[in-house]
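This is final_20.cif (mmCIF, N, CA and C atoms).
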data_upload
loop_
_atom_site.label_atom_id
_atom_site.label_comp_id
_atom_site.auth_asym_id
_atom_site.auth_seq_id
_atom_site.Cartn_x
_atom_site.Cartn_y
_atom_site.Cartn_z
N GLN Z 1 93.05 -87.72 105.79
CA GLN Z 1 93.84 -87.31 104.64
C GLN Z 1 94.06 -88.51 103.72
N VAL Z 2 93.79 -88.32 102.45
CA VAL Z 2 93.94 -89.40 101.48
C VAL Z 2 95.35 -89.37 100.91
N GLN Z 3 95.95 -90.54 100.82
CA GLN Z 3 97.29 -90.64 100.27
C GLN Z 3 97.41 -91.90 99.44
N LEU Z 4 98.00 -91.76 98.25
CA LEU Z 4 98.27 -92.89 97.38
C LEU Z 4 99.77 -93.00 97.20
N VAL Z 5 100.30 -94.21 97.36
CA VAL Z 5 101.73 -94.42 97.23
C VAL Z 5 101.98 -95.58 96.27
N GLU Z 6 102.70 -95.27 95.18
CA GLU Z 6 103.04 -96.30 94.21
C GLU Z 6 104.39 -96.92 94.53
N SER Z 7 104.57 -98.13 94.06
CA SER Z 7 105.86 -98.81 94.17
C SER Z 7 105.97 -99.81 93.04
N GLY Z 8 107.20 -100.26 92.78
CA GLY Z 8 107.40 -101.33 91.82
C GLY Z 8 107.97 -100.92 90.49
N GLY Z 9 108.20 -99.64 90.28
CA GLY Z 9 108.79 -99.22 89.02
C GLY Z 9 110.25 -99.63 88.94
N GLY Z 10 110.84 -99.40 87.77
CA GLY Z 10 112.25 -99.72 87.61
C GLY Z 10 112.65 -99.79 86.16
N LEU Z 11 113.82 -100.37 85.94
CA LEU Z 11 114.38 -100.52 84.60
C LEU Z 11 114.28 -101.98 84.18
N VAL Z 12 113.78 -102.19 82.97
CA VAL Z 12 113.62 -103.55 82.47
C VAL Z 12 113.91 -103.57 80.98
N GLN Z 13 114.35 -104.70 80.49
CA GLN Z 13 114.59 -104.83 79.06
C GLN Z 13 113.28 -105.10 78.32
N ALA Z 14 113.26 -104.76 77.06
CA ALA Z 14 112.09 -105.02 76.23
C ALA Z 14 111.74 -106.50 76.31
N GLY Z 15 110.43 -106.75 76.45
CA GLY Z 15 109.96 -108.12 76.60
C GLY Z 15 109.82 -108.56 78.04
N GLY Z 16 110.35 -107.76 78.95
CA GLY Z 16 110.29 -108.09 80.37
C GLY Z 16 108.99 -107.70 81.02
N SER Z 17 108.94 -107.90 82.34
CA SER Z 17 107.72 -107.65 83.10
C SER Z 17 108.02 -106.84 84.35
N LEU Z 18 107.02 -106.09 84.77
CA LEU Z 18 107.06 -105.38 86.04
C LEU Z 18 105.68 -105.42 86.65
N ARG Z 19 105.64 -105.30 87.97
CA ARG Z 19 104.36 -105.21 88.67
C ARG Z 19 104.37 -103.96 89.53
N LEU Z 20 103.43 -103.07 89.27
CA LEU Z 20 103.28 -101.85 90.06
C LEU Z 20 102.20 -102.06 91.12
N SER Z 21 102.42 -101.45 92.26
CA SER Z 21 101.43 -101.53 93.34
C SER Z 21 101.09 -100.13 93.82
N CYS Z 22 99.85 -99.98 94.27
CA CYS Z 22 99.38 -98.70 94.80
C CYS Z 22 98.69 -98.97 96.13
N SER Z 23 99.16 -98.29 97.15
CA SER Z 23 98.56 -98.42 98.47
C SER Z 23 97.81 -97.14 98.79
N VAL Z 24 96.55 -97.27 99.19
CA VAL Z 24 95.69 -96.12 99.44
C VAL Z 24 95.37 -96.02 100.92
N SER Z 25 95.66 -94.89 101.50
CA SER Z 25 95.28 -94.64 102.88
C SER Z 25 94.14 -93.63 102.91
N GLY Z 26 93.33 -93.69 103.95
CA GLY Z 26 92.13 -92.87 103.99
C GLY Z 26 90.95 -93.71 103.57
N ASN Z 27 89.83 -93.51 104.18
CA ASN Z 27 88.68 -94.39 104.00
C ASN Z 27 87.90 -94.02 102.75
N ILE Z 28 88.53 -94.21 101.58
CA ILE Z 28 87.85 -93.83 100.35
C ILE Z 28 87.83 -94.92 99.32
N PHE Z 29 88.57 -95.98 99.52
CA PHE Z 29 88.94 -96.81 98.39
C PHE Z 29 87.81 -97.67 97.85
N SER Z 30 87.03 -98.27 98.70
CA SER Z 30 86.19 -99.38 98.25
C SER Z 30 85.21 -99.00 97.15
N ASN Z 31 84.66 -97.78 97.17
CA ASN Z 31 83.69 -97.44 96.13
C ASN Z 31 84.27 -96.50 95.07
N TYR Z 32 85.57 -96.27 95.12
CA TYR Z 32 86.20 -95.41 94.14
C TYR Z 32 86.69 -96.23 92.95
N ARG Z 33 86.67 -95.62 91.79
CA ARG Z 33 87.32 -96.21 90.64
C ARG Z 33 88.82 -96.01 90.77
N MET Z 34 89.56 -97.07 90.48
CA MET Z 34 91.01 -96.98 90.56
C MET Z 34 91.60 -97.05 89.17
N GLY Z 35 92.64 -96.28 88.95
CA GLY Z 35 93.24 -96.30 87.62
C GLY Z 35 94.74 -96.10 87.65
N TRP Z 36 95.36 -96.49 86.56
CA TRP Z 36 96.78 -96.24 86.34
C TRP Z 36 96.91 -95.37 85.09
N TYR Z 37 97.72 -94.34 85.20
CA TYR Z 37 97.98 -93.43 84.10
C TYR Z 37 99.49 -93.33 83.93
N ARG Z 38 99.92 -92.90 82.76
CA ARG Z 38 101.35 -92.72 82.56
C ARG Z 38 101.60 -91.46 81.75
N GLN Z 39 102.81 -90.94 81.93
CA GLN Z 39 103.21 -89.75 81.20
C GLN Z 39 104.65 -89.91 80.76
N ALA Z 40 104.86 -89.85 79.46
CA ALA Z 40 106.20 -89.89 78.89
C ALA Z 40 106.70 -88.47 78.69
N PRO Z 41 108.02 -88.28 78.63
CA PRO Z 41 108.55 -86.93 78.45
C PRO Z 41 107.98 -86.26 77.20
N GLY Z 42 107.50 -85.05 77.37
CA GLY Z 42 106.97 -84.29 76.24
C GLY Z 42 105.57 -84.69 75.80
N LYS Z 43 104.96 -85.62 76.53
CA LYS Z 43 103.62 -86.07 76.15
C LYS Z 43 102.64 -85.83 77.29
N GLN Z 44 101.36 -85.86 76.93
CA GLN Z 44 100.32 -85.70 77.94
C GLN Z 44 100.14 -87.00 78.73
N ARG Z 45 99.63 -86.84 79.93
CA ARG Z 45 99.31 -88.00 80.73
C ARG Z 45 98.17 -88.76 80.05
N GLU Z 46 98.27 -90.09 80.00
CA GLU Z 46 97.26 -90.90 79.35
C GLU Z 46 96.81 -92.03 80.26
N MET Z 47 95.57 -92.42 80.05
CA MET Z 47 95.03 -93.54 80.81
C MET Z 47 95.66 -94.83 80.31
N VAL Z 48 96.04 -95.68 81.24
CA VAL Z 48 96.58 -97.00 80.92
C VAL Z 48 95.52 -98.07 81.18
N ALA Z 49 94.95 -98.04 82.39
CA ALA Z 49 93.95 -99.04 82.77
C ALA Z 49 93.16 -98.52 83.96
N THR Z 50 91.89 -98.93 84.03
CA THR Z 50 91.05 -98.57 85.16
C THR Z 50 90.25 -99.80 85.60
N VAL Z 51 89.85 -99.77 86.87
CA VAL Z 51 88.99 -100.83 87.40
C VAL Z 51 88.00 -100.20 88.36
N THR Z 52 86.73 -100.53 88.18
CA THR Z 52 85.69 -99.98 89.05
C THR Z 52 85.65 -100.76 90.36
N SER Z 53 84.85 -100.26 91.29
CA SER Z 53 84.70 -100.94 92.57
C SER Z 53 84.13 -102.34 92.38
N GLY Z 54 83.35 -102.51 91.32
CA GLY Z 54 82.77 -103.81 91.03
C GLY Z 54 83.65 -104.74 90.23
N GLY Z 55 84.81 -104.24 89.81
CA GLY Z 55 85.74 -105.09 89.11
C GLY Z 55 85.73 -104.97 87.59
N THR Z 56 84.96 -104.04 87.05
CA THR Z 56 84.95 -103.84 85.60
C THR Z 56 86.22 -103.12 85.18
N THR Z 57 86.92 -103.70 84.21
CA THR Z 57 88.21 -103.14 83.79
C THR Z 57 88.12 -102.50 82.41
N SER Z 58 89.03 -101.57 82.18
CA SER Z 58 89.16 -100.92 80.89
C SER Z 58 90.64 -100.68 80.64
N TYR Z 59 91.06 -100.85 79.39
CA TYR Z 59 92.47 -100.71 79.04
C TYR Z 59 92.65 -99.83 77.81
N ALA Z 60 93.77 -99.14 77.78
CA ALA Z 60 94.16 -98.46 76.56
C ALA Z 60 94.47 -99.52 75.51
N ASP Z 61 94.18 -99.20 74.26
CA ASP Z 61 94.42 -100.17 73.17
C ASP Z 61 95.87 -100.63 73.15
N SER Z 62 96.77 -99.72 73.47
CA SER Z 62 98.20 -100.03 73.36
C SER Z 62 98.68 -101.05 74.38
N VAL Z 63 97.91 -101.28 75.45
CA VAL Z 63 98.35 -102.22 76.48
C VAL Z 63 97.43 -103.42 76.60
N GLU Z 64 96.32 -103.40 75.88
CA GLU Z 64 95.35 -104.50 75.94
C GLU Z 64 96.05 -105.83 75.65
N GLY Z 65 95.83 -106.80 76.51
CA GLY Z 65 96.43 -108.11 76.32
C GLY Z 65 97.81 -108.26 76.94
N ARG Z 66 98.42 -107.15 77.33
CA ARG Z 66 99.75 -107.22 77.94
C ARG Z 66 99.73 -106.81 79.42
N PHE Z 67 98.84 -105.90 79.77
CA PHE Z 67 98.75 -105.38 81.13
C PHE Z 67 97.46 -105.91 81.78
N THR Z 68 97.53 -106.10 83.09
CA THR Z 68 96.36 -106.52 83.85
C THR Z 68 96.25 -105.68 85.12
N ILE Z 69 95.10 -105.03 85.29
CA ILE Z 69 94.86 -104.23 86.49
C ILE Z 69 94.03 -105.06 87.47
N SER Z 70 94.31 -104.89 88.74
CA SER Z 70 93.55 -105.59 89.77
C SER Z 70 93.49 -104.72 91.02
N ARG Z 71 92.59 -105.08 91.91
CA ARG Z 71 92.46 -104.32 93.15
C ARG Z 71 92.05 -105.26 94.27
N ASN Z 72 92.39 -104.87 95.49
CA ASN Z 72 91.99 -105.61 96.67
C ASN Z 72 91.34 -104.61 97.61
N ASN Z 73 90.01 -104.61 97.63
CA ASN Z 73 89.29 -103.61 98.43
C ASN Z 73 89.53 -103.80 99.92
N ALA Z 74 89.74 -105.03 100.34
CA ALA Z 74 89.97 -105.28 101.76
C ALA Z 74 91.29 -104.69 102.23
N LYS Z 75 92.27 -104.68 101.34
CA LYS Z 75 93.59 -104.17 101.71
C LYS Z 75 93.84 -102.74 101.23
N ASN Z 76 92.87 -102.16 100.50
CA ASN Z 76 93.06 -100.81 99.94
C ASN Z 76 94.30 -100.74 99.05
N THR Z 77 94.44 -101.72 98.20
CA THR Z 77 95.59 -101.75 97.29
C THR Z 77 95.13 -102.05 95.87
N GLY Z 78 95.97 -101.66 94.95
CA GLY Z 78 95.72 -101.98 93.55
C GLY Z 78 97.03 -102.27 92.86
N ASP Z 79 97.00 -103.12 91.87
CA ASP Z 79 98.20 -103.53 91.15
C ASP Z 79 98.03 -103.37 89.65
N LEU Z 80 99.15 -103.24 88.99
CA LEU Z 80 99.18 -103.26 87.54
C LEU Z 80 100.30 -104.22 87.13
N GLU Z 81 99.91 -105.35 86.58
CA GLU Z 81 100.87 -106.33 86.08
C GLU Z 81 101.15 -105.99 84.63
N MET Z 82 102.43 -105.80 84.31
CA MET Z 82 102.81 -105.37 82.96
C MET Z 82 103.75 -106.41 82.35
N ASN Z 83 103.32 -107.00 81.26
CA ASN Z 83 104.11 -108.03 80.58
C ASN Z 83 104.48 -107.58 79.18
N ASN Z 84 105.51 -108.22 78.63
CA ASN Z 84 105.97 -107.90 77.29
C ASN Z 84 106.16 -106.39 77.13
N LEU Z 85 106.84 -105.79 78.06
CA LEU Z 85 107.04 -104.35 78.03
C LEU Z 85 107.87 -103.93 76.83
N GLN Z 86 107.54 -102.78 76.29
CA GLN Z 86 108.21 -102.21 75.14
C GLN Z 86 108.74 -100.82 75.47
N PRO Z 87 109.73 -100.34 74.74
CA PRO Z 87 110.28 -99.00 75.05
C PRO Z 87 109.22 -97.91 75.10
N GLU Z 88 108.20 -98.02 74.29
CA GLU Z 88 107.14 -97.01 74.29
C GLU Z 88 106.28 -97.04 75.55
N ASP Z 89 106.46 -98.05 76.38
CA ASP Z 89 105.76 -98.10 77.67
C ASP Z 89 106.48 -97.28 78.74
N SER Z 90 107.64 -96.78 78.44
CA SER Z 90 108.41 -96.01 79.42
C SER Z 90 107.68 -94.72 79.80
N GLY Z 91 107.86 -94.34 81.05
CA GLY Z 91 107.26 -93.11 81.53
C GLY Z 91 107.06 -93.16 83.03
N ILE Z 92 106.45 -92.11 83.55
CA ILE Z 92 106.09 -92.10 84.96
C ILE Z 92 104.66 -92.62 85.08
N TYR Z 93 104.47 -93.61 85.92
CA TYR Z 93 103.17 -94.22 86.11
C TYR Z 93 102.55 -93.70 87.40
N TYR Z 94 101.31 -93.26 87.29
CA TYR Z 94 100.59 -92.68 88.42
C TYR Z 94 99.36 -93.50 88.77
N CYS Z 95 99.15 -93.66 90.03
CA CYS Z 95 97.95 -94.30 90.53
C CYS Z 95 96.90 -93.22 90.81
N ASN Z 96 95.65 -93.53 90.52
CA ASN Z 96 94.56 -92.57 90.73
C ASN Z 96 93.36 -93.26 91.36
N ALA Z 97 92.73 -92.57 92.28
CA ALA Z 97 91.46 -93.04 92.84
C ALA Z 97 90.43 -91.93 92.66
N ARG Z 98 89.31 -92.26 92.05
CA ARG Z 98 88.32 -91.24 91.71
C ARG Z 98 86.92 -91.71 92.08
N HIS Z 99 86.16 -90.79 92.70
CA HIS Z 99 84.77 -91.11 93.05
C HIS Z 99 83.99 -91.33 91.76
N PRO Z 100 83.15 -92.35 91.71
CA PRO Z 100 82.45 -92.67 90.46
C PRO Z 100 81.46 -91.61 90.01
N PHE Z 101 80.92 -90.80 90.93
CA PHE Z 101 79.91 -89.81 90.56
C PHE Z 101 80.35 -88.39 90.86
N ARG Z 102 81.47 -88.21 91.49
CA ARG Z 102 82.00 -86.88 91.78
C ARG Z 102 83.44 -86.82 91.28
N PRO Z 103 83.64 -86.58 89.99
CA PRO Z 103 85.00 -86.58 89.41
C PRO Z 103 85.96 -85.62 90.08
N ALA Z 104 85.42 -84.58 90.73
CA ALA Z 104 86.31 -83.65 91.42
C ALA Z 104 86.99 -84.31 92.61
N ASN Z 105 86.40 -85.36 93.13
CA ASN Z 105 87.03 -86.13 94.22
C ASN Z 105 87.96 -87.15 93.58
N SER Z 106 89.15 -86.65 93.25
CA SER Z 106 90.13 -87.46 92.54
C SER Z 106 91.48 -87.29 93.21
N TYR Z 107 92.16 -88.39 93.45
CA TYR Z 107 93.42 -88.36 94.18
C TYR Z 107 94.51 -89.07 93.37
N TRP Z 108 95.72 -88.53 93.47
CA TRP Z 108 96.85 -89.04 92.69
C TRP Z 108 98.02 -89.40 93.60
N GLY Z 109 98.76 -90.42 93.18
CA GLY Z 109 100.02 -90.72 93.82
C GLY Z 109 101.12 -89.86 93.25
N GLN Z 110 102.32 -90.06 93.77
CA GLN Z 110 103.45 -89.22 93.35
C GLN Z 110 104.11 -89.74 92.08
N GLY Z 111 103.78 -90.96 91.68
CA GLY Z 111 104.31 -91.54 90.46
C GLY Z 111 105.51 -92.42 90.70
N THR Z 112 105.69 -93.38 89.80
CA THR Z 112 106.85 -94.25 89.84
C THR Z 112 107.38 -94.42 88.42
N GLN Z 113 108.68 -94.37 88.28
CA GLN Z 113 109.30 -94.40 86.95
C GLN Z 113 109.41 -95.82 86.42
N VAL Z 114 109.00 -95.98 85.17
CA VAL Z 114 109.19 -97.24 84.45
C VAL Z 114 110.02 -96.94 83.21
N THR Z 115 111.14 -97.63 83.07
CA THR Z 115 112.00 -97.44 81.91
C THR Z 115 112.24 -98.79 81.25
N VAL Z 116 111.93 -98.85 79.96
CA VAL Z 116 112.09 -100.08 79.20
C VAL Z 116 113.17 -99.85 78.16
N SER Z 117 114.24 -100.61 78.24
CA SER Z 117 115.34 -100.45 77.29
C SER Z 117 115.16 -101.42 76.13
N SER Z 118 115.63 -100.97 74.97
CA SER Z 118 115.48 -101.81 73.76
C SER Z 118 116.67 -102.73 73.58
#

Encoded form using structure tokens:
Amino acid sequence: QVQLVESGGGLVQAGGSLRLSCSVSGNIFSNYRMGWYRQAPGKQREMVATVTSGGTTSYADSVEGRFTISRNNAKNTGDLEMNNLQPEDSGIYYCNARHPFRPANSYWGQGTQVTVSS
């Protein structure tokens, strides 16, 4: 059974930093693409950052230069370092693991709340 568990969310003032972590159980992680998505109230879920098994990263324009995604295949974990947080970064952040060639094989965590006060 595959399970993703996020941690590290919380409340921070604008300009502050948070680090989110995702722990993946089940023997799927090493060749899966890992990503972080977020959803603000009343808005659709959006991609924040992704990293392939080979380490290629992609970021939403709104977080480029402020957020850094990383992964540790040996530990089945992934992190999202978030700096210079702004109120518009608030939302529920979800970890995702997706097979690179079978998009239907996609797994989600339960989400962790990030709130940035102005």

Next item on the list: Could you list the residues chosen by the PyMOL selection byres (((chain Z and resi 116 and name CA) around 8) and name CA) in this structure as JSON, numbers by chain?
Entry: {"Z": [11, 12, 13, 14, 85, 86, 87, 88, 89, 90, 114, 115, 117, 118]}

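Going from atom CA of Z:Ser17 over to atom C of Z:Ile92, you cover 15.5 Å.
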
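Taking atom CA of Z:Gly42 and atom C of Z:Tyr94 as endpoints, the distance between them is 17.3 Å.
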
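Comparing Z:Gln44, Z:Asn84, Z:Gln113, Z:Thr50 by their smallest distance to Z:Ile69, the closest is Z:Thr50 (using all atoms listed in the file).
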
Next item on the list: Mind checking which residues fall within 6 Å of stretch 3-9 of chain Z, counting only N, CA and C atoms, ignoring those fewer than 6 positions away in the same chain, and posting them as an MDAnalysis selection string?
Entry: chainID Z and resid 19:26 108:114

Margin query: Quick check, in Å to one decimal: how far apart do atom CA of Z:Asn72 and atom CA of Z:Ser30 lie?
Written below: 8.7 Å

So which residues are close to (86.5, -99.0, 91.5), meaning at most 6 Å away in the file's coordinates with all atoms listed in the file counted, and can you show them as a PDB file with N, CA and C atoms, keeping the file's coordinate frame?
ATOM      1  N   SER Z  30      87.030 -98.270  98.700  1.00  0.00           N
ATOM      2  CA  SER Z  30      86.190 -99.380  98.250  1.00  0.00           C
ATOM      3  C   SER Z  30      85.210 -99.000  97.150  1.00  0.00           C
ATOM      4  N   ASN Z  31      84.660 -97.780  97.170  1.00  0.00           N
ATOM      5  CA  ASN Z  31      83.690 -97.440  96.130  1.00  0.00           C
ATOM      6  C   ASN Z  31      84.270 -96.500  95.070  1.00  0.00           C
ATOM      7  N   TYR Z  32      85.570 -96.270  95.120  1.00  0.00           N
ATOM      8  CA  TYR Z  32      86.200 -95.410  94.140  1.00  0.00           C
ATOM      9  C   TYR Z  32      86.690 -96.230  92.950  1.00  0.00           C
ATOM     10  N   ARG Z  33      86.670 -95.620  91.790  1.00  0.00           N
ATOM     11  CA  ARG Z  33      87.320 -96.210  90.640  1.00  0.00           C
ATOM     12  C   ARG Z  33      88.820 -96.010  90.770  1.00  0.00           C
ATOM     13  N   MET Z  34      89.560 -97.070  90.480  1.00  0.00           N
ATOM     14  CA  MET Z  34      91.010 -96.980  90.560  1.00  0.00           C
ATOM     15  C   MET Z  34      91.600 -97.050  89.170  1.00  0.00           C
ATOM     16  N   VAL Z  51      89.850 -99.770  86.870  1.00  0.00           N
ATOM     17  CA  VAL Z  51      88.990-100.830  87.400  1.00  0.00           C
ATOM     18  C   VAL Z  51      88.000-100.200  88.360  1.00  0.00           C
ATOM     19  N   THR Z  52      86.730-100.530  88.180  1.00  0.00           N
ATOM     20  CA  THR Z  52      85.690 -99.980  89.050  1.00  0.00           C
ATOM     21  C   THR Z  52      85.650-100.760  90.360  1.00  0.00           C
ATOM     22  N   SER Z  53      84.850-100.260  91.290  1.00  0.00           N
ATOM     23  CA  SER Z  53      84.700-100.940  92.570  1.00  0.00           C
ATOM     24  C   SER Z  53      84.130-102.340  92.380  1.00  0.00           C
ATOM     25  N   GLY Z  54      83.350-102.510  91.320  1.00  0.00           N
ATOM     26  CA  GLY Z  54      82.770-103.810  91.030  1.00  0.00           C
ATOM     27  C   GLY Z  54      83.650-104.740  90.230  1.00  0.00           C
ATOM     28  N   GLY Z  55      84.810-104.240  89.810  1.00  0.00           N
ATOM     29  CA  GLY Z  55      85.740-105.090  89.110  1.00  0.00           C
ATOM     30  C   GLY Z  55      85.730-104.970  87.590  1.00  0.00           C
TER      31      GLY Z  55
END

Next item on the list: Can you list, as number ranges by chain, all residues belonging to chain Z that DSSP tags as strand (DSSP E)?
Entry: Z: 3-7, 10-13, 18-25, 33-39, 46-51, 57-59, 67-72, 77-82, 91-98, 106-108, 112-117

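The shortest atom-to-atom distance to Z:Ala97, with only N, CA and C atoms taken into account, belongs to Z:Ile28 out of Z:Leu18, Z:Gln1, Z:Ala40, Z:Ile28.
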
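Nearest residue to Z:Trp36, choosing from Z:Arg66, Z:Tyr107, Z:Phe101, Z:Tyr93 and counting only C-alpha atoms: Z:Tyr93.
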
With 4 Å on each side, where is the centre of the axis-aligned box around all listed atoms of stretch 41-56 of chain Z, and how long are its edges in Å to one decimal, as AutoDock Vina command-line options?
--center_x 95.7 --center_y -94.7 --center_z 84.2 --size_x 33.8 --size_y 28.8 --size_z 24.8

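Checking Z:Phe29, Z:Pro100, Z:Lys43, Z:Gly16 one by one against Z:Asn83, counting only C-alpha atoms, you find the shortest gap at Z:Gly16.
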
Notebook entry, point to check: Just so the selection is clear, what residues does the PyMOL selection byres ((chain Z and resi 67) around 6.5) cover here, as a list in words?
Noted result: Val63, Glu64, Gly65, Arg66, Thr68, Ile69, Leu80, Glu81, Met82 and Asn83 of chain Z

Next item on the list: Check what the PyMOL selection byres (((chain Z and resi 60 and name CA) around 9) and name CA) selects in the file above and give those residues as a PyMOL selection string.
Entry: chain Z and resi 46-49+58-59+61-64
